$ cat coords.cif   # mmCIF, C-alpha atoms
data_run
loop_
_atom_site.group_PDB
_atom_site.id
_atom_site.type_symbol
_atom_site.label_atom_id
_atom_site.label_comp_id
_atom_site.auth_asym_id
_atom_site.auth_seq_id
_atom_site.Cartn_x
_atom_site.Cartn_y
_atom_site.Cartn_z
ATOM 1 C CA MET A 1 -45.064 -1.074 7.328
ATOM 2 C CA ASN A 2 -42.790 0.314 10.002
ATOM 3 C CA ARG A 3 -39.389 0.485 8.319
ATOM 4 C CA PRO A 4 -36.761 2.492 10.257
ATOM 5 C CA ARG A 5 -35.758 5.723 8.539
ATOM 6 C CA PRO A 6 -32.438 5.436 6.693
ATOM 7 C CA GLU A 7 -29.536 7.221 8.337
ATOM 8 C CA PRO A 8 -28.773 10.708 7.011
ATOM 9 C CA VAL A 9 -26.278 10.552 4.143
ATOM 10 C CA GLN A 10 -23.737 12.770 5.937
ATOM 11 C CA VAL A 11 -23.609 10.350 8.858
ATOM 12 C CA VAL A 12 -23.043 7.354 6.633
ATOM 13 C CA ARG A 13 -20.469 9.156 4.513
ATOM 14 C CA GLN A 14 -18.592 10.449 7.546
ATOM 15 C CA ARG A 15 -18.458 7.016 9.161
ATOM 16 C CA ARG A 16 -17.095 5.425 5.989
ATOM 17 C CA ASP A 17 -14.555 8.186 5.372
ATOM 18 C CA ASP A 18 -13.380 8.005 8.991
ATOM 19 C CA ALA A 19 -12.963 4.248 8.725
ATOM 20 C CA LEU A 20 -10.897 4.610 5.538
ATOM 21 C CA ASN A 21 -8.750 7.350 7.069
ATOM 22 C CA ALA A 22 -8.085 5.182 10.106
ATOM 23 C CA LEU A 23 -6.589 2.533 7.821
ATOM 24 C CA VAL A 24 -4.448 4.888 5.756
ATOM 25 C CA GLU A 25 -3.472 8.063 7.564
ATOM 26 C CA GLY A 26 -1.538 6.643 10.444
ATOM 27 C CA VAL A 27 0.879 4.676 8.252
ATOM 28 C CA PRO A 28 4.153 6.587 7.712
ATOM 29 C CA TYR A 29 5.196 4.550 4.648
ATOM 30 C CA ILE A 30 1.897 5.287 2.836
ATOM 31 C CA ARG A 31 2.399 8.982 3.614
ATOM 32 C CA TYR A 32 6.018 8.817 2.424
ATOM 33 C CA LEU A 33 5.018 7.376 -0.973
ATOM 34 C CA GLY A 34 2.143 9.888 -1.156
ATOM 35 C CA ILE A 35 -0.557 7.280 -1.811
ATOM 36 C CA ARG A 36 -4.182 8.277 -1.255
ATOM 37 C CA PHE A 37 -7.426 6.398 -1.724
ATOM 38 C CA ASP A 38 -10.509 7.555 -3.630
ATOM 39 C CA ARG A 39 -13.731 5.927 -2.472
ATOM 40 C CA ARG A 40 -16.943 5.297 -4.426
ATOM 41 C CA GLY A 41 -19.243 3.389 -2.098
ATOM 42 C CA ASP A 42 -17.187 0.382 -1.098
ATOM 43 C CA GLU A 43 -14.883 0.582 -4.144
ATOM 44 C CA LEU A 44 -11.412 2.010 -3.560
ATOM 45 C CA THR A 45 -8.944 3.325 -6.114
ATOM 46 C CA ALA A 46 -5.406 3.931 -4.925
ATOM 47 C CA VAL A 47 -3.653 6.960 -6.408
ATOM 48 C CA LEU A 48 0.126 7.399 -6.505
ATOM 49 C CA PRO A 49 0.925 10.969 -7.597
ATOM 50 C CA PHE A 50 4.212 11.143 -9.479
ATOM 51 C CA ASP A 51 7.214 12.441 -7.608
ATOM 52 C CA ASP A 52 10.907 12.612 -8.585
ATOM 53 C CA LYS A 53 11.886 10.536 -5.565
ATOM 54 C CA LEU A 54 9.929 7.579 -7.013
ATOM 55 C CA ILE A 55 12.204 7.276 -10.070
ATOM 56 C CA GLY A 56 14.290 4.159 -10.542
ATOM 57 C CA ASN A 57 15.731 4.807 -13.982
ATOM 58 C CA PRO A 58 16.477 8.482 -14.619
ATOM 59 C CA ALA A 59 17.525 7.874 -18.245
ATOM 60 C CA LEU A 60 14.036 6.871 -19.412
ATOM 61 C CA PRO A 61 12.777 8.096 -16.861
ATOM 62 C CA ALA A 62 10.777 5.301 -15.228
ATOM 63 C CA LEU A 63 9.252 4.581 -11.833
ATOM 64 C CA HIS A 64 11.357 2.340 -9.582
ATOM 65 C CA GLY A 65 10.214 -1.293 -9.743
ATOM 66 C CA GLY A 66 10.258 -1.355 -5.960
ATOM 67 C CA VAL A 67 7.904 1.627 -5.844
ATOM 68 C CA THR A 68 5.492 -0.183 -8.140
ATOM 69 C CA ALA A 69 5.627 -3.330 -5.993
ATOM 70 C CA ALA A 70 5.162 -1.254 -2.836
ATOM 71 C CA PHE A 71 2.246 0.684 -4.360
ATOM 72 C CA LEU A 72 0.473 -2.562 -5.275
ATOM 73 C CA GLU A 73 1.172 -4.135 -1.892
ATOM 74 C CA VAL A 74 -0.124 -1.081 -0.023
ATOM 75 C CA THR A 75 -3.245 -1.198 -2.208
ATOM 76 C CA ALA A 76 -3.768 -4.911 -1.503
ATOM 77 C CA ILE A 77 -3.423 -4.493 2.281
ATOM 78 C CA VAL A 78 -5.630 -1.407 2.522
ATOM 79 C CA VAL A 79 -8.352 -2.909 0.317
ATOM 80 C CA LEU A 80 -8.289 -6.171 2.272
ATOM 81 C CA SER A 81 -8.499 -4.300 5.605
ATOM 82 C CA TRP A 82 -11.206 -2.073 4.164
ATOM 83 C CA THR A 83 -13.259 -5.106 3.129
ATOM 84 C CA ILE A 84 -13.148 -6.359 6.727
ATOM 85 C CA ALA A 85 -13.970 -2.897 8.115
ATOM 86 C CA TRP A 86 -16.844 -2.515 5.653
ATOM 87 C CA GLU A 87 -18.411 -5.792 6.764
ATOM 88 C CA ARG A 88 -18.193 -4.700 10.377
ATOM 89 C CA MET A 89 -19.762 -1.351 9.664
ATOM 90 C CA GLU A 90 -22.571 -2.716 7.537
ATOM 91 C CA ASN A 91 -23.414 -5.471 9.972
ATOM 92 C CA GLY A 92 -23.542 -3.412 13.116
ATOM 93 C CA HIS A 93 -23.485 0.253 12.136
ATOM 94 C CA ARG A 94 -20.173 0.449 13.887
ATOM 95 C CA GLY A 95 -17.582 2.901 12.708
ATOM 96 C CA VAL A 96 -14.271 4.150 13.951
ATOM 97 C CA ASP A 97 -15.979 5.364 17.136
ATOM 98 C CA ASP A 98 -15.790 1.969 18.715
ATOM 99 C CA TRP A 99 -12.342 1.169 17.338
ATOM 100 C CA ASP A 100 -10.774 2.714 20.405
ATOM 101 C CA PRO A 101 -6.992 3.075 20.044
ATOM 102 C CA SER A 102 -6.315 -0.292 21.648
ATOM 103 C CA HIS A 103 -8.674 -1.899 19.159
ATOM 104 C CA LEU A 104 -7.559 -0.264 15.953
ATOM 105 C CA PRO A 105 -8.048 -2.758 13.158
ATOM 106 C CA ARG A 106 -5.065 -5.077 12.974
ATOM 107 C CA MET A 107 -3.552 -5.188 9.515
ATOM 108 C CA PRO A 108 -3.301 -8.435 7.569
ATOM 109 C CA LYS A 109 0.287 -9.689 7.262
ATOM 110 C CA THR A 110 1.797 -10.332 3.847
ATOM 111 C CA ILE A 111 2.822 -13.955 3.296
ATOM 112 C CA ASP A 112 4.003 -13.490 -0.269
ATOM 113 C CA PHE A 113 3.586 -10.941 -3.009
ATOM 114 C CA ALA A 114 4.363 -11.444 -6.711
ATOM 115 C CA THR A 115 4.455 -8.493 -9.074
ATOM 116 C CA ASP A 116 4.313 -8.652 -12.890
ATOM 117 C CA TYR A 117 5.820 -5.658 -14.607
ATOM 118 C CA LEU A 118 3.913 -5.301 -17.863
ATOM 119 C CA ARG A 119 5.229 -1.929 -19.010
ATOM 120 C CA SER A 120 7.742 0.483 -17.628
ATOM 121 C CA GLY A 121 6.198 2.945 -15.181
ATOM 122 C CA LEU A 122 5.997 6.370 -16.800
ATOM 123 C CA PRO A 123 6.779 9.571 -14.892
ATOM 124 C CA ARG A 124 3.060 10.142 -14.332
ATOM 125 C CA ASP A 125 0.402 9.407 -11.709
ATOM 126 C CA ALA A 126 -0.484 5.735 -11.242
ATOM 127 C CA TYR A 127 -3.721 4.105 -10.133
ATOM 128 C CA ALA A 128 -4.530 0.702 -8.690
ATOM 129 C CA ARG A 129 -7.515 -1.379 -7.695
ATOM 130 C CA ALA A 130 -7.499 -4.623 -5.771
ATOM 131 C CA SER A 131 -9.990 -7.460 -5.650
ATOM 132 C CA VAL A 132 -10.150 -9.883 -2.772
ATOM 133 C CA ASN A 133 -10.530 -13.212 -4.529
ATOM 134 C CA ARG A 134 -10.617 -15.275 -1.398
ATOM 135 C CA SER A 135 -10.908 -14.210 2.186
ATOM 136 C CA GLY A 136 -11.101 -16.998 4.710
ATOM 137 C CA ARG A 137 -10.687 -17.017 8.461
ATOM 138 C CA ARG A 138 -6.895 -17.312 8.255
ATOM 139 C CA TYR A 139 -5.771 -16.643 4.698
ATOM 140 C CA ALA A 140 -6.703 -14.247 1.940
ATOM 141 C CA SER A 141 -5.715 -14.004 -1.712
ATOM 142 C CA VAL A 142 -5.756 -10.567 -3.332
ATOM 143 C CA HIS A 143 -5.174 -9.520 -6.944
ATOM 144 C CA VAL A 144 -4.159 -5.964 -7.842
ATOM 145 C CA GLU A 145 -4.163 -4.158 -11.182
ATOM 146 C CA ALA A 146 -2.357 -0.885 -11.815
ATOM 147 C CA TRP A 147 -2.483 1.501 -14.722
ATOM 148 C CA GLN A 148 -1.414 4.999 -15.657
ATOM 149 C CA ASP A 149 -2.932 6.853 -18.602
ATOM 150 C CA ASN A 150 -5.223 4.132 -19.867
ATOM 151 C CA ARG A 151 -7.316 1.813 -17.683
ATOM 152 C CA GLU A 152 -7.168 -0.915 -20.344
ATOM 153 C CA ARG A 153 -3.355 -0.896 -20.539
ATOM 154 C CA LEU A 154 -2.140 -2.206 -17.193
ATOM 155 C CA TYR A 155 1.446 -1.326 -16.359
ATOM 156 C CA ALA A 156 1.635 -3.836 -13.507
ATOM 157 C CA GLN A 157 -0.404 -6.507 -11.762
ATOM 158 C CA ALA A 158 0.213 -8.537 -8.654
ATOM 159 C CA THR A 159 -1.135 -11.373 -6.555
ATOM 160 C CA GLY A 160 -0.504 -11.617 -2.853
ATOM 161 C CA HIS A 161 -1.411 -13.938 -0.015
ATOM 162 C CA PHE A 162 -2.112 -12.582 3.429
ATOM 163 C CA LEU A 163 -2.487 -13.863 6.943
ATOM 164 C CA MET A 164 -5.711 -12.458 8.382
ATOM 165 C CA PRO A 165 -5.595 -10.678 11.740
ATOM 166 C CA THR A 166 -7.186 -12.709 14.511
ATOM 167 C CA PRO A 167 -10.259 -10.842 15.840
ATOM 168 C CA ASP A 168 -9.041 -10.402 19.401
ATOM 169 C CA GLU A 169 -5.364 -9.884 18.866
ATOM 170 C CA MET B 1 35.069 -6.464 -11.995
ATOM 171 C CA THR B 2 37.513 -8.612 -10.091
ATOM 172 C CA ASP B 3 40.613 -6.659 -11.147
ATOM 173 C CA LEU B 4 39.285 -3.296 -10.012
ATOM 174 C CA SER B 5 40.857 -1.721 -6.967
ATOM 175 C CA ILE B 6 38.802 -1.485 -3.781
ATOM 176 C CA GLU B 7 38.550 2.311 -4.037
ATOM 177 C CA MET B 8 37.398 2.078 -7.629
ATOM 178 C CA LYS B 9 34.785 -0.493 -6.696
ATOM 179 C CA SER B 10 33.375 1.513 -3.834
ATOM 180 C CA LYS B 11 33.285 4.620 -6.020
ATOM 181 C CA LEU B 12 31.331 2.729 -8.696
ATOM 182 C CA ALA B 13 29.018 1.328 -6.041
ATOM 183 C CA ARG B 14 28.306 4.808 -4.680
ATOM 184 C CA GLN B 15 27.666 6.178 -8.148
ATOM 185 C CA PHE B 16 25.320 3.297 -8.908
ATOM 186 C CA MET B 17 23.105 4.166 -5.929
ATOM 187 C CA GLU B 18 23.399 7.917 -6.492
ATOM 188 C CA ALA B 19 22.011 7.378 -9.995
ATOM 189 C CA ILE B 20 18.782 5.813 -8.686
ATOM 190 C CA PRO B 21 16.693 8.591 -7.114
ATOM 191 C CA HIS B 22 14.384 6.281 -5.144
ATOM 192 C CA SER B 23 17.215 4.165 -3.732
ATOM 193 C CA ARG B 24 19.099 7.334 -2.810
ATOM 194 C CA ASP B 25 15.979 8.705 -1.118
ATOM 195 C CA LEU B 26 15.840 5.593 1.088
ATOM 196 C CA SER B 27 19.603 5.919 1.828
ATOM 197 C CA MET B 28 20.377 2.498 0.345
ATOM 198 C CA SER B 29 24.027 1.620 0.015
ATOM 199 C CA LEU B 30 25.716 -0.949 -2.172
ATOM 200 C CA ASP B 31 27.959 -2.735 0.307
ATOM 201 C CA GLU B 32 29.371 -5.539 -1.806
ATOM 202 C CA LEU B 33 29.670 -6.298 -5.474
ATOM 203 C CA GLY B 34 30.874 -9.479 -7.141
ATOM 204 C CA ASP B 35 30.264 -11.404 -10.336
ATOM 205 C CA GLY B 36 26.488 -11.446 -10.383
ATOM 206 C CA ILE B 37 26.299 -10.818 -6.647
ATOM 207 C CA ALA B 38 25.217 -7.663 -4.843
ATOM 208 C CA VAL B 39 24.666 -6.739 -1.212
ATOM 209 C CA VAL B 40 22.545 -3.662 -0.541
ATOM 210 C CA SER B 41 21.543 -2.288 2.855
ATOM 211 C CA MET B 42 18.800 0.107 3.874
ATOM 212 C CA PRO B 43 18.960 1.858 7.249
ATOM 213 C CA TYR B 44 15.872 1.894 9.471
ATOM 214 C CA ALA B 45 13.836 5.089 9.095
ATOM 215 C CA GLU B 46 10.533 6.326 10.483
ATOM 216 C CA LYS B 47 9.141 6.898 6.970
ATOM 217 C CA LEU B 48 9.460 3.168 6.202
ATOM 218 C CA VAL B 49 7.128 2.160 9.031
ATOM 219 C CA GLY B 50 4.045 0.186 8.045
ATOM 220 C CA ASP B 51 2.682 -0.476 11.526
ATOM 221 C CA PRO B 52 2.913 2.596 13.762
ATOM 222 C CA GLU B 53 2.066 0.597 16.894
ATOM 223 C CA THR B 54 5.120 -1.639 16.617
ATOM 224 C CA GLY B 55 7.419 0.445 14.389
ATOM 225 C CA ILE B 56 7.810 -2.489 12.000
ATOM 226 C CA ILE B 57 8.721 -1.417 8.466
ATOM 227 C CA HIS B 58 6.258 -1.954 5.608
ATOM 228 C CA GLY B 59 6.671 -4.970 3.328
ATOM 229 C CA GLY B 60 6.684 -2.569 0.385
ATOM 230 C CA ALA B 61 9.934 -1.035 1.636
ATOM 231 C CA VAL B 62 11.510 -4.492 1.708
ATOM 232 C CA SER B 63 10.295 -4.954 -1.887
ATOM 233 C CA ALA B 64 12.010 -1.729 -2.945
ATOM 234 C CA LEU B 65 15.254 -2.955 -1.360
ATOM 235 C CA MET B 66 14.956 -6.400 -2.960
ATOM 236 C CA ASP B 67 14.252 -4.930 -6.396
ATOM 237 C CA THR B 68 17.244 -2.590 -6.168
ATOM 238 C CA CYS B 69 19.534 -5.360 -4.962
ATOM 239 C CA CYS B 70 18.394 -7.850 -7.636
ATOM 240 C CA GLY B 71 18.850 -5.208 -10.339
ATOM 241 C CA ALA B 72 22.380 -4.495 -9.066
ATOM 242 C CA ALA B 73 23.200 -8.217 -9.178
ATOM 243 C CA VAL B 74 22.073 -8.371 -12.823
ATOM 244 C CA MET B 75 24.140 -5.314 -13.739
ATOM 245 C CA CYS B 76 27.337 -6.739 -12.267
ATOM 246 C CA HIS B 77 26.958 -10.172 -13.885
ATOM 247 C CA PRO B 78 29.931 -10.995 -16.158
ATOM 248 C CA ALA B 79 27.546 -10.984 -19.159
ATOM 249 C CA SER B 80 27.461 -7.219 -18.415
ATOM 250 C CA PRO B 81 24.068 -6.153 -19.707
ATOM 251 C CA MET B 82 23.740 -2.493 -20.702
ATOM 252 C CA GLY B 83 20.659 -2.129 -18.577
ATOM 253 C CA THR B 84 17.907 -4.097 -16.913
ATOM 254 C CA ALA B 85 14.276 -3.866 -15.869
ATOM 255 C CA THR B 86 12.173 -6.124 -13.668
ATOM 256 C CA ILE B 87 9.930 -8.609 -15.501
ATOM 257 C CA ASP B 88 8.594 -10.186 -12.351
ATOM 258 C CA LEU B 89 9.545 -10.349 -8.722
ATOM 259 C CA ARG B 90 8.045 -12.520 -6.006
ATOM 260 C CA ILE B 91 8.748 -11.822 -2.358
ATOM 261 C CA ASP B 92 8.107 -14.223 0.517
ATOM 262 C CA TYR B 93 7.911 -12.611 3.928
ATOM 263 C CA MET B 94 9.154 -14.921 6.651
ATOM 264 C CA ARG B 95 9.088 -12.557 9.618
ATOM 265 C CA ALA B 96 9.042 -8.874 10.536
ATOM 266 C CA ALA B 97 12.370 -7.033 10.511
ATOM 267 C CA VAL B 98 13.247 -5.891 14.030
ATOM 268 C CA PRO B 99 12.447 -2.141 14.367
ATOM 269 C CA GLY B 100 15.558 0.024 14.510
ATOM 270 C CA GLN B 101 17.758 -2.395 12.585
ATOM 271 C CA SER B 102 18.983 -1.996 8.999
ATOM 272 C CA VAL B 103 17.707 -4.441 6.424
ATOM 273 C CA ILE B 104 20.385 -6.034 4.262
ATOM 274 C CA ALA B 105 19.651 -7.843 1.019
ATOM 275 C CA ARG B 106 22.001 -10.208 -0.784
ATOM 276 C CA ALA B 107 21.085 -11.058 -4.373
ATOM 277 C CA GLU B 108 22.589 -13.568 -6.737
ATOM 278 C CA CYS B 109 22.051 -13.452 -10.478
ATOM 279 C CA TYR B 110 22.472 -17.181 -11.061
ATOM 280 C CA HIS B 111 21.649 -17.486 -14.748
ATOM 281 C CA VAL B 112 21.632 -15.146 -17.731
ATOM 282 C CA THR B 113 20.395 -15.803 -21.263
ATOM 283 C CA ARG B 114 20.534 -13.365 -24.183
ATOM 284 C CA SER B 115 17.302 -11.775 -22.989
ATOM 285 C CA VAL B 116 16.583 -12.787 -19.411
ATOM 286 C CA ALA B 117 18.442 -12.727 -16.093
ATOM 287 C CA PHE B 118 17.290 -14.952 -13.228
ATOM 288 C CA VAL B 119 17.879 -13.713 -9.709
ATOM 289 C CA ARG B 120 17.262 -14.813 -6.148
ATOM 290 C CA ALA B 121 17.790 -12.869 -2.955
ATOM 291 C CA PHE B 122 17.469 -12.989 0.810
ATOM 292 C CA ALA B 123 17.000 -10.107 3.227
ATOM 293 C CA TYR B 124 18.155 -10.046 6.853
ATOM 294 C CA ASP B 125 18.232 -7.738 9.828
ATOM 295 C CA ASP B 126 20.987 -8.079 12.464
ATOM 296 C CA ASP B 127 20.175 -11.786 12.810
ATOM 297 C CA ARG B 128 21.879 -13.376 9.806
ATOM 298 C CA GLU B 129 20.597 -16.843 10.662
ATOM 299 C CA ARG B 130 16.919 -16.099 10.113
ATOM 300 C CA PRO B 131 15.990 -14.341 6.873
ATOM 301 C CA VAL B 132 13.316 -11.630 6.954
ATOM 302 C CA ALA B 133 12.317 -12.198 3.329
ATOM 303 C CA ALA B 134 13.255 -14.110 0.194
ATOM 304 C CA ALA B 135 12.875 -12.993 -3.409
ATOM 305 C CA ASN B 136 12.865 -14.651 -6.786
ATOM 306 C CA GLY B 137 12.747 -12.703 -9.996
ATOM 307 C CA ALA B 138 13.307 -12.427 -13.721
ATOM 308 C CA PHE B 139 14.872 -9.326 -15.238
ATOM 309 C CA THR B 140 15.379 -8.091 -18.794
ATOM 310 C CA VAL B 141 18.854 -8.065 -20.309
ATOM 311 C CA GLU B 142 19.435 -5.019 -22.498
ATOM 312 C CA GLN B 143 22.015 -5.888 -25.113
ATOM 313 C CA PRO B 144 24.316 -3.168 -26.406
ATOM 314 C CA LYS B 145 22.873 -1.785 -29.627
ATOM 315 C CA SER B 146 25.078 -2.589 -32.621
ATOM 316 C CA GLY B 147 26.696 0.550 -33.965
ATOM 317 C CA GLY B 148 27.087 2.482 -30.758
ATOM 318 C CA GLY B 149 23.833 2.428 -28.832
ATOM 319 C CA LYS B 150 22.430 5.262 -26.761
#

$ encode --input "coords.cif" --output "structure tokens"
Amino acid sequence: MNRPRPEPVQVVRQRRDDALNALVEGVPYIRYLGIRFDRRGDELTAVLPFDDKLIGNPALPALHGGVTAAFLEVTAIVVLSWTIAWERMENGHRGVDDWDPSHLPRMPKTIDFATDYLRSGLPRDAYARASVNRSGRRYASVHVEAWQDNRERLYAQATGHFLMPTPDE
Amino acid sequence: MTDLSIEMKSKLARQFMEAIPHSRDLSMSLDELGDGIAVVSMPYAEKLVGDPETGIIHGGAVSALMDTCCGAAVMCHPASPMGTATIDLRIDYMRAAVPGQSVIARAECYHVTRSVAFVRAFAYDDDRERPVAAANGAFTVEQPKSGGGK
């Protein structure tokens, strides 16, 4: 049996982390909101650390509804792009190295995005995970769940539809 | 609201935005206020950009504007709720806003029950013929508490 040796873990980890960073770090709006992504294998969790500038109702206080919608939409787009990037990497061992600047992954475009506000957003960190429920050649449907203190008590959820980037755009 | 002087109105409008930290942080301004109608604009800024290659602002920033504008429309409805919160908001994105241009949202709170306010809104850049986005939402209506309230 002549199986090729698996790649060293550092190489694999570095390639995946670089790919994720390429999707997130260059986007000013993600940086402005302070969103970061934790990765476990292919699973991403978006983290929105609390900040005073994210407040919408100072009397409660509560997160701005627009911040919550934006957080969920950012999560949906990054997870959808990540799913595409992951496929590419796993099917050809290609990482960011061959995404030269002119071929940075094109982001999916939002067609529509509907957010359900289940509880008011507390002045605390928020977390979100997205699942790609359908990803075709042209359209994708993504569902996002967000929570704060308790994973079982969602504070918001959303469904969005996206136009997929064409491969050679 | 109709019998308020223009200065009074613009003062109230400024205070309304000043009271919302996130809207203030994005330099949103309440440009018009009527019975159940609000117009809110958000100037272009680098921090709003979602696609660094083109400078197009992120859809999430348009959502924040839409949510603020819809909330303002609920608050200035003649039923005068004491407060409001978003129950659900759906945004349709028709096209990218042109980089460098302000985005302006106009929301109309077209129906209010004892508990729910229904709102729709459109967002534009300099081209007022072709909307950038449309929104449809339901908001809570906080009734004044009997015996004073908070």

$ closest_residue --input "coords.cif" --among "B:Pro21, B:Gly83, B:Gly137, B:Pro131" --to "chain A" --atoms "only C-alpha atoms"
B:Pro21

$ closest_atom_pairs --input "coords.cif" --of "chain B" --to "chain A" --cutoff "7 Å" --atoms "only C-alpha atoms" --output "tab-separated table"
residue	atom	partner	partner_atom	distance
B:Ile20	CA	A:Gly56	CA	5.1
B:Pro21	CA	A:Lys53	CA	5.4
B:His22	CA	A:Lys53	CA	5.0
B:Asp25	CA	A:Lys53	CA	6.3
B:Glu46	CA	A:Pro28	CA	7.0
B:Lys47	CA	A:Pro28	CA	5.1
B:Leu48	CA	A:Tyr29	CA	4.7
B:Val49	CA	A:Tyr29	CA	5.4
B:Gly50	CA	A:Val27	CA	5.5
B:Asp51	CA	A:Val27	CA	6.4
B:Pro52	CA	A:Val27	CA	6.2
B:His58	CA	A:Tyr29	CA	6.7
B:Gly60	CA	A:Ala70	CA	3.8
B:Ala61	CA	A:Ala70	CA	6.5
B:Ser63	CA	A:Gly66	CA	5.4
B:Ala64	CA	A:Gly66	CA	3.5
B:Leu65	CA	A:Gly66	CA	7.0
B:Asp67	CA	A:Gly66	CA	5.4
B:Thr86	CA	A:Tyr117	CA	6.4
B:Ile87	CA	A:Tyr117	CA	5.1
B:Asp88	CA	A:Asp116	CA	4.6
B:Leu89	CA	A:Thr115	CA	5.4
B:Arg90	CA	A:Ala114	CA	3.9
B:Ile91	CA	A:Phe113	CA	5.3
B:Asp92	CA	A:Asp112	CA	4.2
B:Tyr93	CA	A:Ile111	CA	5.3

$ residues_around --input "coords.cif" --residues "segment 144-153 of chain A" --least-positions-apart "3" --cutoff "8 Å" --atoms "all atoms listed in the file" --output "ChimeraX atom specification"
/A:72,75-76,121-122,124-131,156-159

$ atom_distance --input "coords.cif" --atom1 "atom CA of Ala13 of chain B" --atom2 "atom CA of Val116 of chain B"
23.1 Å

$ atom_distance --input "coords.cif" --atom1 "atom CA of Thr140 of chain B" --atom2 "atom CA of Thr84 of chain B"
5.1 Å

$ residues_around --input "coords.cif" --residues "Ser102 of chain B" --least-positions-apart "2" --cutoff "7 Å" --atoms "all atoms listed in the file" --output "number ranges by chain"
B: 41-44, 100, 104, 125

$ write_last_selection --input "coords.cif" --atoms "C-alpha atoms" --output "compact mmCIF listing (two decimals), in the frame of the given file"
# COMPACT_ATOMS: atom_id res chain seq x y z
CA SER B 41 21.54 -2.29 2.86
CA MET B 42 18.80 0.11 3.87
CA PRO B 43 18.96 1.86 7.25
CA TYR B 44 15.87 1.89 9.47
CA GLY B 100 15.56 0.02 14.51
CA ILE B 104 20.39 -6.03 4.26
CA ASP B 125 18.23 -7.74 9.83

$ atom_distance --input "coords.cif" --atom1 "atom CA of Ala73 of chain B" --atom2 "atom CA of Ile37 of chain B"
4.8 Å
